[in-house]
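Undergrad: Mind looking over this structure? Questions follow.
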Amino acid sequence: RYGPMTTPTHPLALAPVTAPPATVDGFVKEFLRELNTGQGVALSRSTVNDQYLALARTVRHYLMARWLETTRHQRETKEKAVGYLSAEYLLGRQLGNALLATDLGEIAEKAMAACGLDLVTLRAQEVEPGLGNGGLGRLAACFVDSLATMSIPCIGYGIRYEYGIFKQTFVDGRQVEQPDTWLSLGEPWGFPHPEAAVQVDFGGYTETYRDGDVERTRWVPSWNVLGLPYNYMVPGYQNGRVNTLRLWSAQATKAFDLAIFNAGDYAEAVRAQTFAENITKVLYPEDSTPQGKELRLQQQYFFVACSIRDFINQVMEPGFDLHDLPERVTFQLNDTHPVIAVPELMRILVDEHKWEWDEAWDVTKRCFAYTCHTLLPEALEVWPVDLLGRLLPRHLEIIYQINDAFLAEVRERFPNDELRARSMSIVTDYPDRSVRMAYLATVAGMKVNGVAALHSQLLADKVLPAFSEYWPEKFTNVTNGVTPRRFLRLANPWLSQLITDALGVGWVTDLDRLAELEPYAQDEDFRKAFREAKQTNKERLYALLRARDGIELSGDHLLDVMVKRLHEYKRQTLKILHIVSLYEQIIHERVDPTTITPRTVVFGAKAAPGYRLAKEIIYLINKVGETVNTDPRVAGRLQIAFPANYNVTLAEKLIPAADLSEQISLAGMEASGTGNMKFALNGALTIGTDDGANVEIRQLVGDDNFFGFGMTEPEVAALGASGYQPGSYYESNPQLKAAIDLIASGAFSGGDRNAFEPVVSNLLYHDRFMALADFASYVDAQAAVEAAYADQEAWSKMAILNVARTGFFSSDRSMRDYLSRIWRA
Ligand code: GP0
């Protein structure tokens with residue numbers, strides 16, 4: 001359909017592609033050309049959207065030469081690459097990042113001004129690609145950024161959802177979800193490559209056949225779809241490299257049945273198309289809990305089958321031996337979502353290439369590594385055998401065979417220990433016969449890593465103990481990181497400028513250099529400048545919230561921020577209990593309001609649409625906010641803002657403005673956290689539990705510069721084992737009792753005593769994440785925050801030390817760790 005690939009003959013086509021001149025005039029020329037001949041409008045008649053699209057395409061031109069060169073270089077050198085397999089990439093807006101990568105920010109600003117346009121307005125027109133839920137998807141986006149910046153070959157594979165994470169709105173304080181139509185105004189960053197489309201099969205049955213004197217199995221599928229790849233640029237930071245993110249979109253193989261159409265049944269004629277395209281229609285909005293839905297398994301197999309096939313197609317030149325695949329790639333499995341890639345590669349090698357089983361297994365084992373992101377048992381993906389058998393019958397057989405071989409090995413090493421063998425079985429019978437994807441990933445992967453030191457420890461000791469005993473050297477840690485380009489350099493230009501003035505620009509790609517800021521904490525002028533930057537960030541945030549949400553914030557307050565998915569384990573309820581307690585003490589005149597540190601609390605959180613209790617907590621936060629914000633008794637002391645639809649774009653404005661970062665999950669529950677790192681790097685102090693990467697943040701910044709509180713993980717385990725009784729904390733702590741009673745009294749719900757019944761009774765009678773047990777300690781830590789904040793000079797010192805001591809959390813460092821511990825690329 002596309003004709004053969006041709007070799008160019010014109011001399012001009014042999015010269016390398018070059019970027020347009022990086023001057024204001026050159027930029028204006030490109031921009032107008034894009035607007036006129038690309039977008040098809042005159043500047044005088046163009047809309048902001050036209051201008052944004054033309055600008056995005058203009059910036060793209062400057063990256064194109066680097067992209068083609070990166071691809072050519074990769075083809076020729078055949079360096080080992082990372083194949084990052086992730087069902088989510090929470091990218092955030094692209095334009096600003098592309099301008100930074102090309103160092104064209106100033107030129108673009110001047111060029112737009114020369115056209116009578118405002119760069120900030122055009123940037124604000126971009127709808128962020130929200131192709132992920134939260135931390136896991138954002139981590140993938142940070143990782144591909146770092147790999148490009150470090151000039152490491154990587155191809156990111158994922159799904160081009162037509163609708164990303166839902167748009168959250170509030171109606172009467174309750175979350176209402178709206179579809180995220182990020183493609184509707186045109187999307188200038190994706191390059192479709194229909195010539196590289198891949199067919200993906202589903203369903204049917206397997207059968208054996210004779211092939212000479214061996215018996216072989218083949219899969220006879222019953223339906224298929226086409227995977228259409230879209231390439232996205234992943235530009236390195238000013239280093240001439242552009243890696244590729246390849247996201248797959250599902251299309252029908254037979255879009256249209258003309259015979260049925262001619263017979264008059266239009267709906268039936270396009271049914272196949274609708275069915276196929278449903279596969280990549282929408283991102284599942286679940287975070288940290290899997291959706292055991294058939295469509296989700298279809299999504300997983302779909303993108304993984306496309307990606308493995310695609311990678312093999314790319315390396316399969318004459319002379320290449322597939323046995324060398326592990327020398328060309330490590331497929332990093334971002335959680336268990338892509339684990340079906342393991343039996344898929346086995347199937348390709350055994351069924352299609354007719355390899356011996358052991359030979360195929362040896363190669364497969366060396367191609368994969370697995371990252372686990374959770375400790376919550378309910379978050380570990382498990383697929384029922386009957387569903388797998390229906391959708392992917394051959395893969396199920398292969399999984400059985402992997403399991404049989406593995407258990408035979410276990411039984412040989414530990415004879416007469418049937419209990420052990422069963423505890424390690426990939427296939428379980430309880431509660432239903434199903435496949436434990438984390439076990440499959442662990443058996444197949446050459447390495448298994450957690451995402452923070454504590455998490456990796458608990459992963460080995462509590463989630464996969466039998467496996468870590470069996471293969472101690474397989475288990476490792478790579479503490480998460482965040483990209484300093486987006487989350488410091490782009491999001492916080494004022495602080496960045498301060499750092500650059502002190503250290504030069506090198507820190508952007510060498511974040512350990514932030515350590516050199518340490519002495520500046522003692523420098524009064526620097527502290528003053530630091531506070532001014534923070535103040536500028538607050539004003540920028542308040543202006544945004546006014547325009548975006550109609551939220552009016554005022555005053556010179558401590559800005560206390562809790563932004564993350566809404567989850568019981570993250571304990572937004574603990575935060576709201578603290579607020580209610582402050583409020584209760586003021587209105588009942590238990591404290592002199594003038595002694596309370598003026599505080600503005602900002603929440604941002606989406607709840608999974610099906611997570612009832614999470615949605616009730618959102619409702620509670622909004623209603624408490626309404627009451628507190630309109631009560632004259634607390635005016636100037638306490639205000640609450642809950643802007644709807646927290647996303648990457650909003651995070652980039654919120655995080656740089658924060659004074660206090662809330663990281664208050666129950667110890668042993670948050671695998672790592674990555675928001676915690678972004679706040680510390682932007683000079684917010686953390687109030688946090690000994691959980692996830694908080695532990696490492698605290699170690700690095702020092703106890704004096706961190707507000708730690710709450711039970712440790714062993715204490716949590718002990719309390720759980722002794723039989724946790726939340727009611728006893730309520731009974732014995734009058735301050736806690738008063739706060740809960742106030743919520744239950746109807747004070748925040750116009751007198752309705754039932755409004756928050758689900759939240760209140762859950763806390764009193766269940767409280768799985770022990771918010772009540774940590775309440776007293778949390779309140780004490782908040783008092784310490786207030787005392788510290790009263791001394792602004794001391795606070796600034798602490799904040800600067802947080803910046804200076806958290807360079808470790810660059811995702812560049814995470815990539816170095818993956819390279820040395822796992823990929824060896
Ligand atoms: C973990 F299991 N995470 C999951 C999941 O389904 N979704 C998700 O975002 C997060 C962890 O909760 C984390 O602790 C972690 O830092 C992140 O994955 C990246 O590893 C988020 O704060």
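All residue names refer to the structure tokens as shown: chains lettered A, B, ... in order, residues numbered from 1 in each chain, ligands numbered from 1 in order.
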What's the 7 Å shell around stretch 596-608 of chain A, counting only C-alpha atoms, without same-chain residues fewer than 5 positions away, as a list in words?
TA: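 Counting only the stated atoms, we get Gln168, Pro285, Glu286, Asp287, His557, Leu558, Leu559, Asp560, Val561, Met562, Val563, Lys564, Arg565, Leu566, Ala614, Lys615, Gly636, Arg637, Leu638, Gln639, Ile640, Ala641, Phe642, Pro643, Ala644, Asn645, Tyr646 and Glu786 of chain A.
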Undergrad: With a distance cut-off of 10 Å and only C-alpha atoms, select the neighbouring residues of A:Trp507, excluding the residue or stretch itself and same-chain residues fewer than 4 positions from it, and output the selection as a VMD selection string.
TA: chain A and resid 484 to 485 489 496 499 to 500 503 511 to 516 807
Undergrad: Can I get the selected residues back with N, CA and C atoms, as a PDB file, in the first residue's frame?
TA:
ATOM      1  N   PRO A 484      14.966  17.447  36.405  1.00  0.00           N
ATOM      2  CA  PRO A 484      15.186  18.831  36.822  1.00  0.00           C
ATOM      3  C   PRO A 484      14.880  19.824  35.706  1.00  0.00           C
ATOM      4  N   ARG A 485      14.813  19.332  34.463  1.00  0.00           N
ATOM      5  CA  ARG A 485      14.488  20.265  33.382  1.00  0.00           C
ATOM      6  C   ARG A 485      13.067  20.779  33.582  1.00  0.00           C
ATOM      7  N   ARG A 489      14.028  23.819  36.238  1.00  0.00           N
ATOM      8  CA  ARG A 489      14.428  24.831  35.269  1.00  0.00           C
ATOM      9  C   ARG A 489      13.210  25.485  34.602  1.00  0.00           C
ATOM     10  N   SER A 496      15.663  29.049  39.478  1.00  0.00           N
ATOM     11  CA  SER A 496      16.691  28.582  38.537  1.00  0.00           C
ATOM     12  C   SER A 496      17.715  29.671  38.275  1.00  0.00           C
ATOM     13  N   ILE A 499      20.028  30.014  41.173  1.00  0.00           N
ATOM     14  CA  ILE A 499      21.004  28.920  41.213  1.00  0.00           C
ATOM     15  C   ILE A 499      22.069  29.136  40.148  1.00  0.00           C
ATOM     16  N   THR A 500      21.608  29.498  38.959  1.00  0.00           N
ATOM     17  CA  THR A 500      22.555  29.718  37.864  1.00  0.00           C
ATOM     18  C   THR A 500      23.501  30.869  38.196  1.00  0.00           C
ATOM     19  N   LEU A 503      25.954  29.231  40.567  1.00  0.00           N
ATOM     20  CA  LEU A 503      26.744  28.053  40.169  1.00  0.00           C
ATOM     21  C   LEU A 503      27.075  27.956  38.691  1.00  0.00           C
ATOM     22  N   LEU A 511      22.760  17.499  38.664  1.00  0.00           N
ATOM     23  CA  LEU A 511      22.042  18.078  39.800  1.00  0.00           C
ATOM     24  C   LEU A 511      22.785  17.923  41.122  1.00  0.00           C
ATOM     25  N   ASP A 512      23.784  17.037  41.164  1.00  0.00           N
ATOM     26  CA  ASP A 512      24.607  16.944  42.379  1.00  0.00           C
ATOM     27  C   ASP A 512      25.282  18.279  42.682  1.00  0.00           C
ATOM     28  N   ARG A 513      25.431  19.062  41.635  1.00  0.00           N
ATOM     29  CA  ARG A 513      26.086  20.363  41.843  1.00  0.00           C
ATOM     30  C   ARG A 513      25.282  21.286  42.739  1.00  0.00           C
ATOM     31  N   LEU A 514      24.019  20.982  42.955  1.00  0.00           N
ATOM     32  CA  LEU A 514      23.232  21.793  43.893  1.00  0.00           C
ATOM     33  C   LEU A 514      23.890  21.827  45.267  1.00  0.00           C
ATOM     34  N   ALA A 515      24.695  20.821  45.555  1.00  0.00           N
ATOM     35  CA  ALA A 515      25.400  20.784  46.844  1.00  0.00           C
ATOM     36  C   ALA A 515      26.224  22.052  47.062  1.00  0.00           C
ATOM     37  N   GLU A 516      26.674  22.631  45.966  1.00  0.00           N
ATOM     38  CA  GLU A 516      27.485  23.851  46.084  1.00  0.00           C
ATOM     39  C   GLU A 516      26.674  25.035  46.605  1.00  0.00           C
ATOM     40  N   GLY A 807      19.855  17.048  45.262  1.00  0.00           N
ATOM     41  CA  GLY A 807      20.255  16.784  43.880  1.00  0.00           C
ATOM     42  C   GLY A 807      20.223  15.300  43.527  1.00  0.00           C
TER      43      GLY A 807
END
Undergrad: Record the distance separating atom CA of A:Gly26 and atom CA of A:Val59, expressed in Å with one decimal.
TA: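 These atoms are spaced 11.6 Å apart.
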Undergrad: Within 7 Å of ligand 1, counting only C-alpha atoms and all ligand atoms, which protein or nucleic acid residues do you find, written as a list of chain:residue names?
TA: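 If we count only C-alpha atoms and all ligand atoms, the neighbours of ligand 1 turn out to be A:Asn133, A:Gly134, A:Gly135, A:Leu136, A:Gly137, A:Leu139, A:Asp287, A:Ser288, A:Thr289, A:Pro290, A:His373, A:Thr374, A:Ala379, A:Val451, A:Asn480, A:Glu670, A:Ala671, A:Ser672, A:Gly673, A:Thr674, A:Gly675, A:Gly692.
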Undergrad: For the residues in that selection, give me N, CA and C atoms as a PDB file, in the first residue's frame.
TA:
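Generated output (result_14.pdb):
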ATOM      1  N   ASN A 133      -2.053   8.269  34.951  1.00  0.00           N
ATOM      2  CA  ASN A 133      -2.867   8.574  36.127  1.00  0.00           C
ATOM      3  C   ASN A 133      -2.166   9.460  37.148  1.00  0.00           C
ATOM      4  N   GLY A 134      -0.920   9.131  37.433  1.00  0.00           N
ATOM      5  CA  GLY A 134      -0.234   9.821  38.521  1.00  0.00           C
ATOM      6  C   GLY A 134       1.246   9.507  38.486  1.00  0.00           C
ATOM      7  N   GLY A 135       1.782   9.148  39.645  1.00  0.00           N
ATOM      8  CA  GLY A 135       3.223   8.972  39.797  1.00  0.00           C
ATOM      9  C   GLY A 135       3.854   8.019  38.794  1.00  0.00           C
ATOM     10  N   LEU A 136       3.201   6.893  38.566  1.00  0.00           N
ATOM     11  CA  LEU A 136       3.784   5.878  37.700  1.00  0.00           C
ATOM     12  C   LEU A 136       3.961   6.392  36.272  1.00  0.00           C
ATOM     13  N   GLY A 137       2.938   7.075  35.767  1.00  0.00           N
ATOM     14  CA  GLY A 137       3.011   7.605  34.406  1.00  0.00           C
ATOM     15  C   GLY A 137       3.959   8.786  34.296  1.00  0.00           C
ATOM     16  N   LEU A 139       6.559   9.226  36.183  1.00  0.00           N
ATOM     17  CA  LEU A 139       7.917   8.674  36.296  1.00  0.00           C
ATOM     18  C   LEU A 139       8.436   8.262  34.917  1.00  0.00           C
ATOM     19  N   ASP A 287      -5.748   4.133  39.787  1.00  0.00           N
ATOM     20  CA  ASP A 287      -4.380   4.343  40.220  1.00  0.00           C
ATOM     21  C   ASP A 287      -4.133   3.434  41.412  1.00  0.00           C
ATOM     22  N   SER A 288      -3.074   2.659  41.340  1.00  0.00           N
ATOM     23  CA  SER A 288      -2.696   1.759  42.437  1.00  0.00           C
ATOM     24  C   SER A 288      -3.705   0.649  42.722  1.00  0.00           C
ATOM     25  N   THR A 289      -4.714   0.535  41.917  1.00  0.00           N
ATOM     26  CA  THR A 289      -5.568  -0.660  41.981  1.00  0.00           C
ATOM     27  C   THR A 289      -5.836  -1.072  40.541  1.00  0.00           C
ATOM     28  N   PRO A 290      -5.670  -2.326  40.205  1.00  0.00           N
ATOM     29  CA  PRO A 290      -5.854  -2.720  38.806  1.00  0.00           C
ATOM     30  C   PRO A 290      -7.338  -2.887  38.479  1.00  0.00           C
ATOM     31  N   HIS A 373       5.914  -1.058  41.675  1.00  0.00           N
ATOM     32  CA  HIS A 373       5.617   0.283  42.190  1.00  0.00           C
ATOM     33  C   HIS A 373       4.720   0.296  43.409  1.00  0.00           C
ATOM     34  N   THR A 374       4.468  -0.829  43.989  1.00  0.00           N
ATOM     35  CA  THR A 374       3.469  -0.821  45.055  1.00  0.00           C
ATOM     36  C   THR A 374       3.810  -1.821  46.149  1.00  0.00           C
ATOM     37  N   ALA A 379      -3.153  -4.139  44.889  1.00  0.00           N
ATOM     38  CA  ALA A 379      -2.713  -3.460  43.675  1.00  0.00           C
ATOM     39  C   ALA A 379      -1.920  -4.382  42.754  1.00  0.00           C
ATOM     40  N   VAL A 451      11.183   1.063  44.089  1.00  0.00           N
ATOM     41  CA  VAL A 451      11.386   2.434  43.641  1.00  0.00           C
ATOM     42  C   VAL A 451      11.886   3.386  44.728  1.00  0.00           C
ATOM     43  N   ASN A 480      13.498   6.359  42.796  1.00  0.00           N
ATOM     44  CA  ASN A 480      12.924   7.219  41.755  1.00  0.00           C
ATOM     45  C   ASN A 480      13.614   8.571  41.710  1.00  0.00           C
ATOM     46  N   GLU A 670       3.354   4.009  50.767  1.00  0.00           N
ATOM     47  CA  GLU A 670       3.719   4.748  49.556  1.00  0.00           C
ATOM     48  C   GLU A 670       5.047   4.193  49.060  1.00  0.00           C
ATOM     49  N   ALA A 671       5.022   3.612  47.864  1.00  0.00           N
ATOM     50  CA  ALA A 671       6.235   2.967  47.381  1.00  0.00           C
ATOM     51  C   ALA A 671       7.414   3.941  47.388  1.00  0.00           C
ATOM     52  N   SER A 672       7.195   5.089  46.803  1.00  0.00           N
ATOM     53  CA  SER A 672       8.286   6.066  46.769  1.00  0.00           C
ATOM     54  C   SER A 672       7.741   7.468  46.971  1.00  0.00           C
ATOM     55  N   GLY A 673       6.841   7.851  46.067  1.00  0.00           N
ATOM     56  CA  GLY A 673       6.458   9.242  45.960  1.00  0.00           C
ATOM     57  C   GLY A 673       7.471   9.901  45.053  1.00  0.00           C
ATOM     58  N   THR A 674       7.001  10.820  44.243  1.00  0.00           N
ATOM     59  CA  THR A 674       7.907  11.608  43.421  1.00  0.00           C
ATOM     60  C   THR A 674       7.567  13.086  43.584  1.00  0.00           C
ATOM     61  N   GLY A 675       6.315  13.376  43.944  1.00  0.00           N
ATOM     62  CA  GLY A 675       5.952  14.746  44.292  1.00  0.00           C
ATOM     63  C   GLY A 675       6.829  15.227  45.438  1.00  0.00           C
ATOM     64  N   GLY A 692       8.360   5.490  51.923  1.00  0.00           N
ATOM     65  CA  GLY A 692       8.877   5.662  50.570  1.00  0.00           C
ATOM     66  C   GLY A 692      10.174   6.446  50.564  1.00  0.00           C
TER      67      GLY A 692
END
Undergrad: Need the shell around A:Gln332: protein/DNA/RNA residues with any atom at most 10 Å away, counting only C-alpha atoms. Skip same-chain ones fewer than 4 positions apart. Format as an MDAnalysis selection string?
TA: chainID A and resid 82:86 156 338:339 367:371 445 447:448 818 822:823
Undergrad: Taking the backbone alone, and naming residues the way the document does, which bits of stretch 284-511 of chain A are alpha helix (DSSP H) by DSSP, as a ChimeraX atom specification?
TA: /A:294-315,325-328,341-347,357-365,385-391,393-413,418-423,437-444,453-458,465-470,484,493-503
Undergrad: Name the residues in contact with A:Ile399 at a cut-off of 9 Å, using only C-alpha atoms, excluding same-chain residues fewer than 3 positions from it; report them as an MDAnalysis selection string.
TA: chainID A and resid 342:343 394:396 402:404 426:427 435 440
Undergrad: Step one, run DSSP on the backbone; step two, keep only residues of stretch 337-461 of chain A assigned to strand (DSSP E); then write them as number ranges by chain.
TA: A: 368-371, 382-384, 427-428, 434-436, 448-450
